[in-house]
Amino acid sequence: MSRNPFRSKNLQQTNRETAHDGGPTDDVIIEQAHTLFGSEAATAVALCGLDAWFDGEEEQFRRLAGIFRRLKN
């Protein structure tokens, strides 16, 4: 079981809308990544994406890859 904050089901609740699966939206994940990791947020999300890939969670990997692309732009 992964312990990274972006894949945890116990993320801090926010007032923003949640994603269709009940988890946080991509915008909330990006905000939390910046808060936790500052200028290294893109690297942290990339590592979470690799973790998802190695765990065989393709849908989660694709979502994190999209978030990574947004952080790099």
# chains A, B, ... in the order shown; residues from 1 in each chain; ligands from 1
$ residues_around --residues "Val45 in chain A" --least-positions-apart "4" --cutoff "9 Å" --atoms "only C-alpha atoms" --output "PDB file with all heavy atoms, in the first residue's frame"
ATOM      1  N   PHE A   6      -0.811  11.848  -2.354  1.00  0.00           N
ATOM      2  CA  PHE A   6      -1.700  12.090  -3.476  1.00  0.00           C
ATOM      3  C   PHE A   6      -2.570  10.898  -3.787  1.00  0.00           C
ATOM      4  O   PHE A   6      -3.544  11.001  -4.486  1.00  0.00           O
ATOM      5  CB  PHE A   6      -0.900  12.493  -4.718  1.00  0.00           C
ATOM      6  CG  PHE A   6      -0.006  13.640  -4.411  1.00  0.00           C
ATOM      7  CD1 PHE A   6       1.358  13.480  -4.368  1.00  0.00           C
ATOM      8  CD2 PHE A   6      -0.535  14.876  -4.116  1.00  0.00           C
ATOM      9  CE1 PHE A   6       2.184  14.539  -4.060  1.00  0.00           C
ATOM     10  CE2 PHE A   6       0.275  15.937  -3.801  1.00  0.00           C
ATOM     11  CZ  PHE A   6       1.627  15.761  -3.772  1.00  0.00           C
ATOM     12  N   ILE A  30      -2.785  19.706  -7.053  1.00  0.00           N
ATOM     13  CA  ILE A  30      -1.704  20.624  -7.423  1.00  0.00           C
ATOM     14  C   ILE A  30      -1.420  21.602  -6.285  1.00  0.00           C
ATOM     15  O   ILE A  30      -0.260  21.852  -5.929  1.00  0.00           O
ATOM     16  CB  ILE A  30      -2.050  21.357  -8.730  1.00  0.00           C
ATOM     17  CG1 ILE A  30      -1.971  20.366  -9.896  1.00  0.00           C
ATOM     18  CG2 ILE A  30      -1.131  22.547  -8.958  1.00  0.00           C
ATOM     19  CD1 ILE A  30      -2.513  20.890 -11.199  1.00  0.00           C
ATOM     20  N   ALA A  33       0.346  19.759  -3.515  1.00  0.00           N
ATOM     21  CA  ALA A  33       1.732  19.446  -3.904  1.00  0.00           C
ATOM     22  C   ALA A  33       2.618  20.671  -3.728  1.00  0.00           C
ATOM     23  O   ALA A  33       3.739  20.569  -3.213  1.00  0.00           O
ATOM     24  CB  ALA A  33       1.771  18.950  -5.343  1.00  0.00           C
ATOM     25  N   GLU A  40       9.588  21.667  -5.822  1.00  0.00           N
ATOM     26  CA  GLU A  40       9.786  20.272  -6.216  1.00  0.00           C
ATOM     27  C   GLU A  40       8.462  19.526  -6.392  1.00  0.00           C
ATOM     28  O   GLU A  40       8.430  18.297  -6.440  1.00  0.00           O
ATOM     29  CB  GLU A  40      10.652  19.550  -5.180  1.00  0.00           C
ATOM     30  CG  GLU A  40      12.034  20.151  -5.030  1.00  0.00           C
ATOM     31  CD  GLU A  40      12.850  20.068  -6.316  1.00  0.00           C
ATOM     32  OE1 GLU A  40      12.754  19.051  -7.026  1.00  0.00           O
ATOM     33  OE2 GLU A  40      13.563  21.036  -6.609  1.00  0.00           O
ATOM     34  N   ALA A  41       7.353  20.252  -6.499  1.00  0.00           N
ATOM     35  CA  ALA A  41       6.026  19.625  -6.617  1.00  0.00           C
ATOM     36  C   ALA A  41       5.930  18.715  -7.833  1.00  0.00           C
ATOM     37  O   ALA A  41       5.379  17.615  -7.749  1.00  0.00           O
ATOM     38  CB  ALA A  41       4.936  20.695  -6.654  1.00  0.00           C
ATOM     39  N   GLY A  49       3.398   9.142  -9.648  1.00  0.00           N
ATOM     40  CA  GLY A  49       2.966   8.503 -10.887  1.00  0.00           C
ATOM     41  C   GLY A  49       3.725   7.210 -11.148  1.00  0.00           C
ATOM     42  O   GLY A  49       3.141   6.201 -11.561  1.00  0.00           O
ATOM     43  N   LEU A  50       5.031   7.241 -10.914  1.00  0.00           N
ATOM     44  CA  LEU A  50       5.820   6.018 -11.076  1.00  0.00           C
ATOM     45  C   LEU A  50       5.372   4.939 -10.096  1.00  0.00           C
ATOM     46  O   LEU A  50       5.308   3.758 -10.445  1.00  0.00           O
ATOM     47  CB  LEU A  50       7.309   6.313 -10.878  1.00  0.00           C
ATOM     48  CG  LEU A  50       7.993   7.030 -12.031  1.00  0.00           C
ATOM     49  CD1 LEU A  50       9.412   7.421 -11.631  1.00  0.00           C
ATOM     50  CD2 LEU A  50       8.001   6.165 -13.275  1.00  0.00           C
ATOM     51  N   LEU A  64      -2.085  11.163 -12.744  1.00  0.00           N
ATOM     52  CA  LEU A  64      -0.905  11.830 -12.208  1.00  0.00           C
ATOM     53  C   LEU A  64       0.005  12.341 -13.319  1.00  0.00           C
ATOM     54  O   LEU A  64       0.637  13.386 -13.173  1.00  0.00           O
ATOM     55  CB  LEU A  64      -0.151  10.888 -11.270  1.00  0.00           C
ATOM     56  CG  LEU A  64      -0.866  10.631  -9.939  1.00  0.00           C
ATOM     57  CD1 LEU A  64      -0.234   9.456  -9.210  1.00  0.00           C
ATOM     58  CD2 LEU A  64      -0.865  11.867  -9.073  1.00  0.00           C
ATOM     59  N   ALA A  65       0.051  11.644 -14.451  1.00  0.00           N
ATOM     60  CA  ALA A  65       0.829  12.124 -15.590  1.00  0.00           C
ATOM     61  C   ALA A  65       0.243  13.441 -16.106  1.00  0.00           C
ATOM     62  O   ALA A  65       0.980  14.367 -16.458  1.00  0.00           O
ATOM     63  CB  ALA A  65       0.863  11.073 -16.694  1.00  0.00           C
ATOM     64  N   ILE A  67      -1.466  15.604 -14.303  1.00  0.00           N
ATOM     65  CA  ILE A  67      -1.155  16.617 -13.290  1.00  0.00           C
ATOM     66  C   ILE A  67       0.297  17.045 -13.427  1.00  0.00           C
ATOM     67  O   ILE A  67       0.610  18.245 -13.349  1.00  0.00           O
ATOM     68  CB  ILE A  67      -1.456  16.076 -11.876  1.00  0.00           C
ATOM     69  CG1 ILE A  67      -2.975  15.885 -11.704  1.00  0.00           C
ATOM     70  CG2 ILE A  67      -0.893  16.995 -10.802  1.00  0.00           C
ATOM     71  CD1 ILE A  67      -3.366  15.145 -10.453  1.00  0.00           C
ATOM     72  N   PHE A  68       1.186  16.102 -13.664  1.00  0.00           N
ATOM     73  CA  PHE A  68       2.595  16.429 -13.867  1.00  0.00           C
ATOM     74  C   PHE A  68       2.781  17.372 -15.050  1.00  0.00           C
ATOM     75  O   PHE A  68       3.508  18.359 -14.961  1.00  0.00           O
ATOM     76  CB  PHE A  68       3.411  15.133 -14.081  1.00  0.00           C
ATOM     77  CG  PHE A  68       4.834  15.390 -14.478  1.00  0.00           C
ATOM     78  CD1 PHE A  68       5.761  15.804 -13.543  1.00  0.00           C
ATOM     79  CD2 PHE A  68       5.239  15.200 -15.787  1.00  0.00           C
ATOM     80  CE1 PHE A  68       7.077  16.030 -13.909  1.00  0.00           C
ATOM     81  CE2 PHE A  68       6.550  15.430 -16.170  1.00  0.00           C
ATOM     82  CZ  PHE A  68       7.469  15.844 -15.230  1.00  0.00           C
ATOM     83  N   LEU A  71       1.843  20.808 -14.045  1.00  0.00           N
ATOM     84  CA  LEU A  71       2.848  21.429 -13.174  1.00  0.00           C
ATOM     85  C   LEU A  71       4.082  21.857 -13.961  1.00  0.00           C
ATOM     86  O   LEU A  71       4.701  22.856 -13.629  1.00  0.00           O
ATOM     87  CB  LEU A  71       3.270  20.452 -12.068  1.00  0.00           C
ATOM     88  CG  LEU A  71       2.273  20.289 -10.929  1.00  0.00           C
ATOM     89  CD1 LEU A  71       2.655  19.069 -10.079  1.00  0.00           C
ATOM     90  CD2 LEU A  71       2.226  21.541 -10.079  1.00  0.00           C
TER      91      LEU A  71
END
$ residues_around --residues "Gly66 in chain A" --least-positions-apart "2" --cutoff "12 Å" --atoms "only C-alpha atoms" --output "PyMOL selection string"
chain A and resi 26-27+29-30+42+45-46+49+59-64+68-73
$ write_last_selection --atoms "N, CA, C and O atoms" --output "mmCIF file, in the first residue's frame"
data_model
loop_
_atom_site.group_PDB
_atom_site.id
_atom_site.type_symbol
_atom_site.label_atom_id
_atom_site.label_comp_id
_atom_site.auth_asym_id
_atom_site.auth_seq_id
_atom_site.Cartn_x
_atom_site.Cartn_y
_atom_site.Cartn_z
ATOM 1 N N ASP A 26 -8.015 17.655 -9.494
ATOM 2 C CA ASP A 26 -6.623 17.873 -9.876
ATOM 3 C C ASP A 26 -6.103 19.198 -9.332
ATOM 4 O O ASP A 26 -4.947 19.291 -8.918
ATOM 5 N N ASP A 27 -6.955 20.219 -9.327
ATOM 6 C CA ASP A 27 -6.533 21.528 -8.807
ATOM 7 C C ASP A 27 -6.161 21.444 -7.330
ATOM 8 O O ASP A 27 -5.199 22.081 -6.890
ATOM 9 N N ILE A 29 -5.082 18.738 -5.783
ATOM 10 C CA ILE A 29 -3.832 17.974 -5.701
ATOM 11 C C ILE A 29 -2.646 18.870 -6.022
ATOM 12 O O ILE A 29 -1.623 18.838 -5.333
ATOM 13 N N ILE A 30 -2.785 19.706 -7.053
ATOM 14 C CA ILE A 30 -1.704 20.624 -7.423
ATOM 15 C C ILE A 30 -1.420 21.602 -6.285
ATOM 16 O O ILE A 30 -0.260 21.852 -5.929
ATOM 17 N N ALA A 42 6.453 19.156 -8.969
ATOM 18 C CA ALA A 42 6.385 18.334 -10.188
ATOM 19 C C ALA A 42 7.138 17.023 -10.003
ATOM 20 O O ALA A 42 6.663 15.955 -10.428
ATOM 21 N N VAL A 45 5.035 14.667 -7.776
ATOM 22 C CA VAL A 45 3.909 14.085 -8.511
ATOM 23 C C VAL A 45 4.417 13.022 -9.486
ATOM 24 O O VAL A 45 3.799 11.968 -9.652
ATOM 25 N N ALA A 46 5.557 13.283 -10.120
ATOM 26 C CA ALA A 46 6.136 12.297 -11.037
ATOM 27 C C ALA A 46 6.473 11.004 -10.301
ATOM 28 O O ALA A 46 6.210 9.901 -10.804
ATOM 29 N N GLY A 49 3.398 9.142 -9.648
ATOM 30 C CA GLY A 49 2.966 8.503 -10.887
ATOM 31 C C GLY A 49 3.725 7.210 -11.148
ATOM 32 O O GLY A 49 3.141 6.201 -11.561
ATOM 33 N N GLU A 59 -4.994 3.775 -14.477
ATOM 34 C CA GLU A 59 -5.863 4.958 -14.431
ATOM 35 C C GLU A 59 -5.268 6.043 -13.533
ATOM 36 O O GLU A 59 -5.238 7.220 -13.903
ATOM 37 N N GLN A 60 -4.782 5.662 -12.366
ATOM 38 C CA GLN A 60 -4.155 6.616 -11.446
ATOM 39 C C GLN A 60 -2.876 7.186 -12.060
ATOM 40 O O GLN A 60 -2.590 8.366 -11.920
ATOM 41 N N PHE A 61 -2.107 6.327 -12.746
ATOM 42 C CA PHE A 61 -0.895 6.781 -13.411
ATOM 43 C C PHE A 61 -1.220 7.858 -14.448
ATOM 44 O O PHE A 61 -0.556 8.891 -14.506
ATOM 45 N N ARG A 62 -2.233 7.620 -15.267
ATOM 46 C CA ARG A 62 -2.593 8.586 -16.296
ATOM 47 C C ARG A 62 -3.036 9.920 -15.682
ATOM 48 O O ARG A 62 -2.709 10.986 -16.193
ATOM 49 N N ARG A 63 -3.777 9.848 -14.593
ATOM 50 C CA ARG A 63 -4.212 11.079 -13.921
ATOM 51 C C ARG A 63 -3.009 11.860 -13.400
ATOM 52 O O ARG A 63 -2.901 13.073 -13.589
ATOM 53 N N LEU A 64 -2.085 11.163 -12.744
ATOM 54 C CA LEU A 64 -0.905 11.830 -12.208
ATOM 55 C C LEU A 64 0.005 12.341 -13.319
ATOM 56 O O LEU A 64 0.637 13.386 -13.173
ATOM 57 N N PHE A 68 1.186 16.102 -13.664
ATOM 58 C CA PHE A 68 2.595 16.429 -13.867
ATOM 59 C C PHE A 68 2.781 17.372 -15.050
ATOM 60 O O PHE A 68 3.508 18.359 -14.961
ATOM 61 N N ARG A 69 2.100 17.091 -16.156
ATOM 62 C CA ARG A 69 2.188 17.967 -17.324
ATOM 63 C C ARG A 69 1.720 19.378 -16.986
ATOM 64 O O ARG A 69 2.312 20.369 -17.434
ATOM 65 N N ARG A 70 0.652 19.496 -16.202
ATOM 66 C CA ARG A 70 0.176 20.820 -15.797
ATOM 67 C C ARG A 70 1.191 21.543 -14.930
ATOM 68 O O ARG A 70 1.395 22.747 -15.058
ATOM 69 N N LEU A 71 1.843 20.808 -14.045
ATOM 70 C CA LEU A 71 2.848 21.429 -13.174
ATOM 71 C C LEU A 71 4.082 21.857 -13.961
ATOM 72 O O LEU A 71 4.701 22.856 -13.629
ATOM 73 N N LYS A 72 4.438 21.133 -14.998
ATOM 74 C CA LYS A 72 5.613 21.468 -15.791
ATOM 75 C C LYS A 72 5.340 22.663 -16.717
ATOM 76 O O LYS A 72 6.257 23.308 -17.154
ATOM 77 N N ASN A 73 4.090 22.932 -17.026
ATOM 78 C CA ASN A 73 3.758 24.059 -17.901
ATOM 79 C C ASN A 73 3.589 25.244 -17.046
ATOM 80 O O ASN A 73 3.582 26.213 -16.887
#
